[in-house]
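Q: Take a look at my_file_1.csv, CSV, C-alpha atoms and all ligand atoms:
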chain,number,residue,atom,x,y,z
A,10,MET,CA,3.0,56.0,-20.3
A,11,PRO,CA,-0.3,57.7,-20.9
A,12,THR,CA,-3.3,56.1,-19.3
A,13,ALA,CA,-5.9,57.8,-21.3
A,14,THR,CA,-6.4,57.3,-25.0
A,15,ASN,CA,-9.0,57.6,-27.6
A,16,THR,CA,-9.0,53.9,-28.0
A,17,ALA,CA,-8.5,51.1,-25.4
A,18,PRO,CA,-6.8,52.0,-22.1
A,19,ARG,CA,-3.2,50.8,-21.8
A,20,THR,CA,-1.9,49.5,-18.5
A,21,THR,CA,1.5,48.8,-17.1
A,22,PRO,CA,2.4,46.2,-14.4
A,23,LEU,CA,3.7,49.0,-12.1
A,24,ARG,CA,0.4,50.8,-12.1
A,25,PRO,CA,-2.2,50.0,-9.5
A,26,ALA,CA,-5.5,48.7,-10.9
A,27,ALA,CA,-7.9,51.5,-11.7
A,28,ALA,CA,-10.4,52.5,-9.1
A,29,LEU,CA,-12.7,53.8,-11.8
A,30,SER,CA,-12.2,53.5,-15.5
A,31,GLY,CA,-14.2,54.4,-18.6
A,32,ASP,CA,-13.6,52.6,-21.8
A,33,GLY,CA,-14.5,53.9,-25.3
A,34,LEU,CA,-16.9,56.5,-23.9
A,35,VAL,CA,-19.1,58.2,-26.5
A,36,LEU,CA,-21.3,60.9,-24.9
A,37,ARG,CA,-24.1,62.9,-26.6
A,38,TYR,CA,-26.6,65.6,-26.1
A,39,GLY,CA,-29.4,64.6,-28.4
A,40,LYS,CA,-27.7,63.7,-31.7
A,41,GLU,CA,-24.7,65.9,-30.9
A,42,THR,CA,-21.6,63.8,-30.0
A,43,VAL,CA,-19.5,65.9,-27.5
A,44,VAL,CA,-17.2,63.1,-26.3
A,45,ASP,CA,-16.0,60.7,-28.9
A,46,GLY,CA,-14.5,57.4,-27.9
A,47,VAL,CA,-12.5,58.5,-24.8
A,48,SER,CA,-10.9,56.0,-22.4
A,49,LEU,CA,-9.4,56.9,-19.1
A,50,ALA,CA,-8.4,55.2,-15.9
A,51,LEU,CA,-8.3,56.8,-12.4
A,52,ALA,CA,-5.9,55.0,-10.1
A,53,PRO,CA,-5.8,54.9,-6.3
A,54,GLY,CA,-3.5,57.6,-4.9
A,55,ARG,CA,-3.2,59.5,-8.1
A,56,VAL,CA,-4.5,62.8,-9.4
A,57,THR,CA,-5.6,62.9,-13.0
A,58,ALA,CA,-6.4,66.4,-14.2
A,59,LEU,CA,-8.6,67.1,-17.3
A,60,VAL,CA,-7.8,70.4,-19.1
A,61,GLY,CA,-8.9,71.8,-22.4
A,62,PRO,CA,-10.8,74.7,-23.9
A,63,ASN,CA,-14.4,75.6,-23.2
A,64,GLY,CA,-16.8,73.1,-24.7
A,65,SER,CA,-14.2,70.4,-25.2
A,66,GLY,CA,-16.2,67.9,-23.1
A,67,LYS,CA,-14.5,67.8,-19.7
A,68,SER,CA,-17.6,68.3,-17.5
A,69,THR,CA,-19.7,65.9,-19.6
A,70,LEU,CA,-16.9,63.3,-19.3
A,71,LEU,CA,-16.7,63.8,-15.5
A,72,ARG,CA,-20.5,63.6,-15.2
A,73,SER,CA,-20.6,60.3,-17.1
A,74,MET,CA,-17.9,58.9,-14.8
A,75,ALA,CA,-20.3,59.8,-11.9
A,76,ARG,CA,-23.1,58.0,-13.8
A,77,LEU,CA,-24.9,61.4,-14.2
A,78,HIS,CA,-24.7,61.5,-18.0
A,79,GLY,CA,-25.8,58.3,-19.9
A,80,MET,CA,-23.3,56.8,-22.3
A,81,ALA,CA,-24.2,56.3,-25.9
A,82,GLU,CA,-21.3,53.9,-26.1
A,83,GLY,CA,-18.6,52.5,-23.8
A,84,THR,CA,-18.4,51.0,-20.4
A,85,LEU,CA,-17.7,52.2,-16.9
A,86,ALA,CA,-16.0,49.9,-14.4
A,87,LEU,CA,-15.1,50.1,-10.7
A,88,GLY,CA,-12.0,48.4,-9.3
A,89,GLY,CA,-12.1,46.4,-6.1
A,90,ALA,CA,-9.3,46.0,-3.6
A,91,ASP,CA,-8.8,42.5,-5.1
A,92,GLY,CA,-7.9,44.1,-8.4
A,93,GLN,CA,-11.1,42.8,-10.0
A,94,GLN,CA,-13.1,45.2,-12.2
A,95,ARG,CA,-16.9,45.3,-11.8
A,96,PRO,CA,-19.2,47.0,-14.3
A,97,ALA,CA,-20.5,50.2,-12.6
A,98,ALA,CA,-24.0,49.5,-14.0
A,99,LEU,CA,-24.4,46.6,-11.6
A,100,LEU,CA,-24.3,48.8,-8.5
A,101,SER,CA,-27.3,50.5,-7.1
A,102,ALA,CA,-27.2,54.3,-6.8
A,103,ARG,CA,-26.5,53.9,-3.1
A,104,GLN,CA,-23.7,51.4,-3.6
A,105,PHE,CA,-22.2,53.6,-6.3
A,106,ALA,CA,-22.3,56.6,-4.0
A,107,ARG,CA,-20.2,54.8,-1.4
A,108,GLU,CA,-17.5,54.5,-4.1
A,109,VAL,CA,-17.7,57.7,-6.2
A,110,THR,CA,-18.5,61.3,-5.4
A,111,LEU,CA,-18.7,64.3,-7.7
A,112,PHE,CA,-18.2,67.9,-6.8
A,113,SER,CA,-19.8,70.1,-9.5
A,114,GLN,CA,-20.4,73.8,-9.9
A,115,SER,CA,-24.2,73.5,-10.2
A,116,ARG,CA,-25.0,72.8,-6.6
A,117,PRO,CA,-27.4,75.2,-5.0
A,118,ALA,CA,-27.3,76.9,-1.5
A,119,PRO,CA,-30.1,75.0,0.2
A,120,GLN,CA,-32.2,77.5,2.2
A,121,GLY,CA,-32.9,76.8,5.9
A,122,LEU,CA,-30.1,74.4,6.4
A,123,THR,CA,-26.9,74.9,8.4
A,124,VAL,CA,-23.4,74.2,7.1
A,125,ARG,CA,-23.2,71.0,9.2
A,126,GLU,CA,-26.5,69.7,7.9
A,127,VAL,CA,-25.4,70.2,4.3
A,128,VAL,CA,-22.0,68.5,5.0
A,129,ALA,CA,-24.0,65.6,6.6
A,130,PHE,CA,-25.6,64.9,3.1
A,131,GLY,CA,-22.3,63.3,2.3
A,132,ARG,CA,-23.0,60.6,4.8
A,133,HIS,CA,-26.4,59.5,3.2
A,134,PRO,CA,-25.0,56.6,1.3
A,135,HIS,CA,-23.5,55.1,4.5
A,136,ARG,CA,-26.5,55.5,6.7
A,137,ARG,CA,-29.3,53.0,7.3
A,138,ARG,CA,-32.8,54.3,6.4
A,139,PHE,CA,-34.2,56.6,9.0
A,140,ALA,CA,-31.1,56.1,11.2
A,141,GLY,CA,-29.4,59.1,12.8
A,142,LEU,CA,-25.8,60.0,12.5
A,143,ASP,CA,-23.5,57.6,14.4
A,144,VAL,CA,-20.0,58.3,15.8
A,145,LYS,CA,-18.3,57.4,12.5
A,146,ASP,CA,-20.6,59.8,10.6
A,147,ARG,CA,-19.9,62.7,13.0
A,148,ALA,CA,-16.1,62.1,12.9
A,149,ALA,CA,-16.2,62.1,9.0
A,150,ILE,CA,-18.3,65.3,9.0
A,151,ASN,CA,-16.0,67.1,11.5
A,152,HIS,CA,-12.9,66.0,9.6
A,153,ALA,CA,-14.4,67.2,6.3
A,154,MET,CA,-15.3,70.6,7.7
A,155,GLU,CA,-11.8,71.1,9.2
A,156,ALA,CA,-10.2,70.0,5.9
A,157,THR,CA,-12.2,72.5,3.9
A,158,GLY,CA,-12.0,75.4,6.4
A,159,VAL,CA,-15.8,75.5,7.1
A,160,ALA,CA,-15.7,74.2,10.7
A,161,ASP,CA,-16.0,77.8,12.1
A,162,MET,CA,-19.2,78.3,10.2
A,163,ALA,CA,-20.8,74.9,11.1
A,164,ALA,CA,-23.9,76.4,12.7
A,165,ARG,CA,-24.5,79.2,10.1
A,166,PRO,CA,-27.3,78.9,7.6
A,167,VAL,CA,-25.9,78.1,4.2
A,168,GLY,CA,-28.2,80.7,2.6
A,169,GLU,CA,-26.2,83.5,4.3
A,170,LEU,CA,-22.8,82.4,2.9
A,171,SER,CA,-20.9,83.8,-0.1
A,172,GLY,CA,-20.6,81.8,-3.3
A,173,GLY,CA,-17.0,80.6,-2.5
A,174,GLU,CA,-18.0,79.6,1.0
A,175,VAL,CA,-21.0,77.6,-0.2
A,176,GLN,CA,-18.6,75.9,-2.7
A,177,ARG,CA,-16.4,74.8,0.2
A,178,VAL,CA,-19.4,73.5,2.1
A,179,TRP,CA,-20.3,71.2,-0.9
A,180,LEU,CA,-16.6,70.2,-1.2
A,181,ALA,CA,-16.8,69.2,2.5
A,182,ALA,CA,-19.9,67.1,1.8
A,183,CYS,CA,-17.9,65.2,-0.9
A,184,VAL,CA,-15.0,64.7,1.5
A,185,ALA,CA,-17.4,63.5,4.2
A,186,GLN,CA,-18.7,60.9,1.8
A,187,GLU,CA,-15.3,59.1,2.2
A,188,THR,CA,-15.3,57.5,-1.3
A,189,GLY,CA,-12.4,55.8,-3.0
A,190,VAL,CA,-13.0,58.0,-6.1
A,191,VAL,CA,-13.4,61.7,-6.0
A,192,LEU,CA,-14.4,63.7,-9.1
A,193,LEU,CA,-14.0,67.5,-8.9
A,194,ASP,CA,-15.3,69.9,-11.6
A,195,GLU,CA,-13.4,73.1,-11.3
A,196,PRO,CA,-13.2,73.1,-7.5
A,197,THR,CA,-11.1,76.3,-7.3
A,198,ASN,CA,-13.5,78.5,-9.3
A,199,HIS,CA,-14.8,81.4,-7.2
A,200,LEU,CA,-12.3,80.7,-4.4
A,201,ASP,CA,-9.9,83.3,-3.1
A,202,LEU,CA,-6.1,82.8,-3.3
A,203,ARG,CA,-5.8,81.1,0.1
A,204,TYR,CA,-8.6,78.6,-0.5
A,205,GLN,CA,-7.5,77.9,-4.1
A,206,VAL,CA,-4.2,76.7,-2.6
A,207,GLU,CA,-5.8,74.9,0.3
A,208,THR,CA,-8.2,73.1,-2.1
A,209,LEU,CA,-5.3,71.9,-4.2
A,210,ASP,CA,-3.5,70.8,-1.0
A,211,LEU,CA,-6.6,69.0,0.1
A,212,VAL,CA,-6.7,67.1,-3.3
A,213,ARG,CA,-3.1,66.0,-2.8
A,214,ASP,CA,-3.9,65.0,0.8
A,215,LEU,CA,-6.7,62.8,-0.4
A,216,ALA,CA,-4.5,61.1,-3.0
A,217,ASP,CA,-1.4,60.8,-0.8
A,218,GLY,CA,-2.9,60.3,2.6
A,219,HIS,CA,-6.0,58.3,1.8
A,220,GLY,CA,-5.1,56.6,-1.5
A,221,THR,CA,-8.1,58.3,-3.2
A,222,ALA,CA,-8.3,58.2,-6.9
A,223,VAL,CA,-9.0,61.8,-8.0
A,224,GLY,CA,-10.2,63.1,-11.3
A,225,ILE,CA,-10.2,66.9,-11.5
A,226,VAL,CA,-11.2,69.4,-14.1
A,227,LEU,CA,-9.1,72.6,-14.0
A,228,HIS,CA,-8.8,75.6,-16.2
A,229,ASP,CA,-5.6,76.9,-14.7
A,230,LEU,CA,-2.8,75.1,-16.4
A,231,ASP,CA,-0.3,76.1,-13.8
A,232,HIS,CA,-2.5,74.5,-11.1
A,233,ALA,CA,-2.9,71.4,-13.2
A,234,ALA,CA,0.8,71.1,-13.7
A,235,LEU,CA,1.3,71.6,-10.0
A,236,ILE,CA,-1.1,69.0,-8.8
A,237,ALA,CA,-1.5,66.3,-11.4
A,238,ASP,CA,0.3,63.0,-11.6
A,239,GLU,CA,-1.3,62.6,-15.0
A,240,LEU,CA,-2.9,65.1,-17.3
A,241,LEU,CA,-5.4,64.7,-20.1
A,242,LEU,CA,-5.6,67.6,-22.6
A,243,MET,CA,-9.0,67.5,-24.3
A,244,ASP,CA,-9.9,69.0,-27.6
A,245,ALA,CA,-13.3,68.8,-29.3
A,246,GLY,CA,-14.4,65.7,-27.4
A,247,ARG,CA,-11.2,63.8,-27.9
A,248,ILE,CA,-8.0,63.4,-26.0
A,249,HIS,CA,-5.3,65.4,-27.7
A,250,ALA,CA,-2.5,64.3,-25.4
A,251,ALA,CA,-2.2,62.4,-22.1
A,252,GLY,CA,0.6,61.6,-19.8
A,253,LEU,CA,3.0,63.4,-17.4
A,254,PRO,CA,2.2,67.2,-17.1
A,255,ALA,CA,5.6,68.1,-18.6
A,256,ASP,CA,5.0,65.9,-21.6
A,257,VAL,CA,1.4,67.2,-22.2
A,258,LEU,CA,1.8,70.9,-21.4
A,259,THR,CA,4.2,71.7,-24.2
A,260,ALA,CA,3.9,75.0,-26.1
A,261,GLU,CA,3.1,73.1,-29.2
A,262,ASN,CA,0.1,71.2,-27.6
A,263,ILE,CA,-1.3,74.2,-25.9
A,264,THR,CA,-1.1,76.4,-28.9
A,265,LYS,CA,-2.7,73.8,-31.1
A,266,VAL,CA,-5.6,73.2,-28.7
A,267,TYR,CA,-6.2,76.7,-27.3
A,268,SER,CA,-5.2,78.6,-30.4
A,269,ILE,CA,-3.0,80.9,-28.5
A,270,ARG,CA,0.8,81.3,-28.3
A,271,VAL,CA,2.4,80.4,-25.0
A,272,GLU,CA,5.7,80.2,-23.3
A,273,VAL,CA,6.3,77.2,-21.2
A,274,THR,CA,9.2,77.4,-18.7
A,275,LEU,CA,10.5,75.1,-16.0
A,276,ASP,CA,11.6,76.9,-12.8
A,277,GLU,CA,15.0,75.4,-12.0
A,278,ARG,CA,14.6,75.9,-8.3
A,279,THR,CA,11.1,74.6,-7.7
A,280,GLN,CA,10.9,72.3,-10.8
A,281,ARG,CA,7.5,73.8,-11.5
A,282,LEU,CA,6.1,74.3,-14.9
A,283,ARG,CA,4.9,77.8,-15.8
A,284,ILE,CA,2.6,78.5,-18.7
A,285,ASP,CA,2.5,82.2,-19.9
A,286,PRO,CA,0.0,83.0,-22.6
A,287,ILE,CA,1.4,85.6,-25.0
A,288,GLY,CA,-1.4,88.1,-25.5
A,289,ARG,CA,-1.3,91.2,-27.7
A,290,HIS,CA,0.0,93.3,-24.8
A,291,SER,CA,2.4,90.7,-23.5
A,292,ALA,CA,6.1,91.8,-23.3
A,293,ALA,CA,6.9,88.4,-25.0
A,294,ASN,CA,4.8,89.4,-28.0
A,295,PRO,CA,7.4,90.4,-30.7
A,296,ARG,CA,5.0,93.0,-32.1
A,297,LYS,CA,4.7,94.6,-28.7
A,298,ALA,CA,8.5,94.6,-28.2
A,299,HIS,CA,9.1,96.1,-31.7
A,300,PRO,CA,6.0,98.2,-32.6
B,401,LIG,N1,-27.2,70.4,-21.4
B,401,LIG,C1,-26.7,70.5,-22.6
B,401,LIG,N2,-27.4,70.4,-23.7
B,401,LIG,C2,-26.8,70.4,-25.0
B,401,LIG,N3,-25.5,70.6,-25.1
B,401,LIG,C3,-24.7,70.7,-24.1
B,401,LIG,C4,-25.2,70.7,-22.7
B,401,LIG,N4,-24.2,70.8,-21.9
B,401,LIG,C5,-23.1,70.9,-22.6
B,401,LIG,N5,-23.4,70.9,-23.9
B,401,LIG,C6,-22.4,70.9,-25.0
B,401,LIG,O1,-21.5,69.9,-24.9
B,401,LIG,C7,-20.2,70.3,-25.2
B,401,LIG,C8,-19.3,69.9,-24.1
B,401,LIG,O2,-19.6,70.6,-22.9
B,401,LIG,P1,-18.9,70.5,-21.6
B,401,LIG,O3,-19.6,71.3,-20.6
B,401,LIG,O4,-18.7,69.0,-21.3
B,401,LIG,O5,-17.5,71.1,-21.9
B,401,LIG,P2,-16.3,71.6,-20.9
B,401,LIG,O6,-15.1,71.2,-21.6
B,401,LIG,O7,-16.6,71.2,-19.6
B,401,LIG,O8,-16.5,73.2,-21.1
B,401,LIG,P3,-16.2,74.4,-20.0
B,401,LIG,O9,-14.7,74.5,-19.9
B,401,LIG,O10,-16.8,75.6,-20.7
B,401,LIG,O11,-16.9,74.1,-18.7
B,401,LIG,C9,-20.3,71.8,-25.5
B,401,LIG,O12,-20.3,71.9,-26.9
B,401,LIG,C10,-21.6,72.2,-24.9
B,401,LIG,O13,-22.1,73.3,-25.6
Spit out the file's structure as structure tokens when you get a sec.
Ligand SMILES: Nc1ncnc2c1ncn2[C@@H]1O[C@H](COP(=O)(O)OP(=O)(O)OP(=O)(O)O)[C@@H](O)[C@H]1O

A:
Amino acid sequence: MPTATNTAPRTTPLRPAAALSGDGLVLRYGKETVVDGVSLALAPGRVTALVGPNGSGKSTLLRSMARLHGMAEGTLALGGADGQQRPAALLSARQFAREVTLFSQSRPAPQGLTVREVVAFGRHPHRRRFAGLDVKDRAAINHAMEATGVADMAARPVGELSGGEVQRVWLAACVAQETGVVLLDEPTNHLDLRYQVETLDLVRDLADGHGTAVGIVLHDLDHAALIADELLLMDAGRIHAAGLPADVLTAENITKVYSIRVEVTLDERTQRLRIDPIGRHSAANPRKAHP
């Protein structure tokens, strides 16, 4: 059953209580509404992927879930271990940062800081004022650097790193924050093949190994199909379809939303969905096959 709708969220008894949920979210820039009445629930141990065309509202939705974009309408709630929901607005910035982290594309490469120092930013919400790093902080930082493949560059200045390396450093800072909810905006962008795969593996590890609720924006539909437990296909600020990847990523849905023909196939051996866009030069294009 879909967990994201354009109206009220639906729940099933089998589903764990949401770690973070948004209900009836209306998001604007000035007078322009860019997300229009979307509800979604991120559950512990599950990966929810947001896909959709450029400008469909994915990043704005993710930012609002991280309290970085004010809501014109709607509510945001955090779930506790007791199953109770608390309005996110009641938490201080520091309390909220112990529960939710956001990885976004717009993070700079801070000059004059080492990789380890940047990853240590992730521990800020857990530290007492003016206190140094304790044993738990150091363990979290080391683990995050290992998990994101930046441990070997721990002492290097971030200003000297490539774009993809800086991205992995910020991803490590998010992992070091040890939150129950992790929001990721296009984390595989700019990464080479190996680190794209390792980042997707890390996301699954967070969900499967730590029970983290993950919300992730992805452009690559093959990746989304591979990693997501649930998928939200956005179109012009609304949810066009939500549910299991195989139910959402149909040729009909993709063609409607992206305005391009596609072939969707299921690999019998691996049970993986494959989405092949049919471009003008594609062999699957009938006009190409029969000029
Ligand atoms: N700072 C801003 N000021 C005004 N409008 C904005 C701003 N940021 C985004 N928008 C508009 O809001 C809409 C949604 O943008 P958003 O970045 O959320 O979409 P997206 O689905 O994440 O797109 P993309 O796939 O290109 O990253 C777009 O029409 C965009 O032009």

Q: Can you measure atom CA of Ile263 of chain A to atom N2 of ligand LIG 401 (chain B) for me? One decimal in Å is fine.

A: 26.5 Å

Q: Kindly indicate which residue among A:Ala260, A:Leu202, A:Val144, A:Val212 lies nearest to Ala156 of chain A, using all atoms listed in the file for the distances.

A: A:Val212

Q: Which residue gives the smallest distance to ligand LIG 401 (chain B) among A:Val223, A:Val273, A:Val43, A:Leu34, with only C-alpha atoms and all ligand atoms counted?

A: A:Val43

Q: Please report the interatomic distance between atom CA of Ala58 of chain A and atom CA of Ala237 of chain A in Å with one decimal.

A: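 Computing the Euclidean distance for atom CA of Ala58 of chain A and atom CA of Ala237 of chain A yields 5.6 Å.
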
Q: Please write out the residues within 7 Å of ligand LIG 401 (chain B) as a ChimeraX atom specification, counting all atoms listed in the file.

A: /A:38,43,61-70

Q: Report the distance between atom CA of Ser113 of chain A and atom CA of Glu174 of chain A in Å, rounded to one decimal place.

A: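 Result for atom CA of Ser113 of chain A versus atom CA of Glu174 of chain A: 14.3 Å, one decimal.
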
Q: Measuring atom to atom with all atoms listed in the file, identify which of A:Val109, A:Val44, A:Leu51, A:Leu211 is nearest to Gly79 of chain A.

A: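 Checking each candidate against Gly79 of chain A, we get A:Val44 as the closest.
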
Q: Show me the residues close to (-2.4, 64.4, -12.4) - anything with an atom within 7 Å, counting all atoms listed in the file - and format the list as a PDB file with C-alpha atoms, in the frame of the given file.

A:
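The resulting file, selection39.pdb, is shown below:
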ATOM      1  CA  ARG A  55      -3.200  59.500  -8.100  1.00  0.00           C
ATOM      2  CA  VAL A  56      -4.500  62.800  -9.400  1.00  0.00           C
ATOM      3  CA  THR A  57      -5.600  62.900 -13.000  1.00  0.00           C
ATOM      4  CA  ALA A  58      -6.400  66.400 -14.200  1.00  0.00           C
ATOM      5  CA  ILE A 236      -1.100  69.000  -8.800  1.00  0.00           C
ATOM      6  CA  ALA A 237      -1.500  66.300 -11.400  1.00  0.00           C
ATOM      7  CA  ASP A 238       0.300  63.000 -11.600  1.00  0.00           C
ATOM      8  CA  GLU A 239      -1.300  62.600 -15.000  1.00  0.00           C
ATOM      9  CA  LEU A 240      -2.900  65.100 -17.300  1.00  0.00           C
TER      10      LEU A 240
END

Q: Under the rule that only C-alpha atoms are counted, which of A:Leu180, A:Ala185, A:Leu200, A:Leu215 is the nearest residue to Gly131 of chain A?

A: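 Residue with the minimum atom-to-atom distance to Gly131 of chain A: A:Ala185.
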
Q: From the options A:Gly252, A:Pro286, A:Gly218, A:Pro196, which residue's atoms come nearest to Leu230 of chain A, counting all atoms listed in the file?

A: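 Closest candidate: A:Pro286.
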
Q: Which residue gives the smallest distance to Thr110 of chain A among A:Leu122, A:Met80, A:Val47, A:Ala222, with all atoms listed in the file counted?

A: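 For Thr110 of chain A, the nearest of the given residues is A:Ala222.
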
Q: Would you kindly return, as a ChimeraX atom specification, each protein, DNA or RNA residue with an atom no farther than 8 Å from any atom of Val127 of chain A, considering all atoms listed in the file and excluding same-chain residues fewer than 4 positions away?

A: /A:119,122-123,131,167,178-179,182

Q: Excluding segment 72-76 of chain A and residues on its chain fewer than 2 positions from it, collect all residues at most 12 Å away from it, counting only C-alpha atoms, and give them as a PyMOL selection string.

A: chain A and resi 28-32+34-37+43-44+47-51+66-70+78-87+96-103+105-115+188+190-194+223-226

Q: Within 10 Å of Val257 of chain A, counting all atoms listed in the file, which residues show up once you throw out same-chain ones fewer than 6 positions away? Write them as a list in words, please.

A: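 Here the answer would be Pro11, Ala234, Glu239, Leu240, Leu241, Leu242, His249, Ala250, Ala251 and Ile263 of chain A.
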
Q: Is it possible to add N, CA and C atoms to segment 236-258 of chain A and hand it back as a tab-separated table (two decimals), in the coordinates of the input?

A:
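File produced: out11.tsv:
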chain	number	residue	atom	x	y	z
A	236	ILE	N	-0.45	70.01	-9.58
A	236	ILE	CA	-1.10	69.00	-8.80
A	236	ILE	C	-1.21	67.62	-9.39
A	237	ALA	N	-1.18	67.56	-10.73
A	237	ALA	CA	-1.50	66.30	-11.40
A	237	ALA	C	-0.37	65.32	-11.46
A	238	ASP	N	-0.68	64.05	-11.26
A	238	ASP	CA	0.30	63.00	-11.60
A	238	ASP	C	0.18	62.72	-13.08
A	239	GLU	N	-1.03	62.84	-13.60
A	239	GLU	CA	-1.30	62.60	-15.00
A	239	GLU	C	-2.21	63.67	-15.54
A	240	LEU	N	-2.07	63.99	-16.78
A	240	LEU	CA	-2.90	65.10	-17.30
A	240	LEU	C	-3.48	64.64	-18.65
A	241	LEU	N	-4.73	64.99	-18.83
A	241	LEU	CA	-5.40	64.70	-20.10
A	241	LEU	C	-5.76	66.08	-20.71
A	242	LEU	N	-5.26	66.31	-21.90
A	242	LEU	CA	-5.60	67.60	-22.60
A	242	LEU	C	-6.66	67.22	-23.63
A	243	MET	N	-7.86	67.77	-23.39
A	243	MET	CA	-9.00	67.50	-24.30
A	243	MET	C	-9.15	68.53	-25.35
A	244	ASP	N	-9.63	68.09	-26.49
A	244	ASP	CA	-9.90	69.00	-27.60
A	244	ASP	C	-11.07	68.45	-28.40
A	245	ALA	N	-12.15	69.20	-28.46
A	245	ALA	CA	-13.30	68.80	-29.30
A	245	ALA	C	-13.74	67.38	-29.05
A	246	GLY	N	-13.88	67.00	-27.75
A	246	GLY	CA	-14.40	65.70	-27.40
A	246	GLY	C	-13.46	64.54	-27.51
A	247	ARG	N	-12.20	64.83	-27.78
A	247	ARG	CA	-11.20	63.80	-27.90
A	247	ARG	C	-10.00	64.13	-27.00
A	248	ILE	N	-9.17	63.13	-26.72
A	248	ILE	CA	-8.00	63.40	-26.00
A	248	ILE	C	-6.84	63.76	-26.93
A	249	HIS	N	-6.36	64.99	-26.83
A	249	HIS	CA	-5.30	65.40	-27.70
A	249	HIS	C	-3.95	64.87	-27.25
A	250	ALA	N	-3.74	64.87	-25.92
A	250	ALA	CA	-2.50	64.30	-25.40
A	250	ALA	C	-2.76	63.88	-23.94
A	251	ALA	N	-2.04	62.85	-23.50
A	251	ALA	CA	-2.20	62.40	-22.10
A	251	ALA	C	-0.85	61.87	-21.63
A	252	GLY	N	-0.61	62.07	-20.34
A	252	GLY	CA	0.60	61.60	-19.80
A	252	GLY	C	1.11	62.52	-18.64
A	253	LEU	N	2.42	62.58	-18.43
A	253	LEU	CA	3.00	63.40	-17.40
A	253	LEU	C	2.75	64.89	-17.77
A	254	PRO	N	2.50	65.76	-16.77
A	254	PRO	CA	2.20	67.20	-17.10
A	254	PRO	C	3.30	67.79	-18.02
A	255	ALA	N	4.58	67.52	-17.76
A	255	ALA	CA	5.60	68.10	-18.60
A	255	ALA	C	5.58	67.66	-20.03
A	256	ASP	N	5.07	66.45	-20.24
A	256	ASP	CA	5.00	65.90	-21.60
A	256	ASP	C	3.75	66.45	-22.34
A	257	VAL	N	2.70	66.74	-21.56
A	257	VAL	CA	1.40	67.20	-22.20
A	257	VAL	C	1.40	68.67	-22.37
A	258	LEU	N	1.88	69.40	-21.36
A	258	LEU	CA	1.80	70.90	-21.40
A	258	LEU	C	2.98	71.47	-22.15
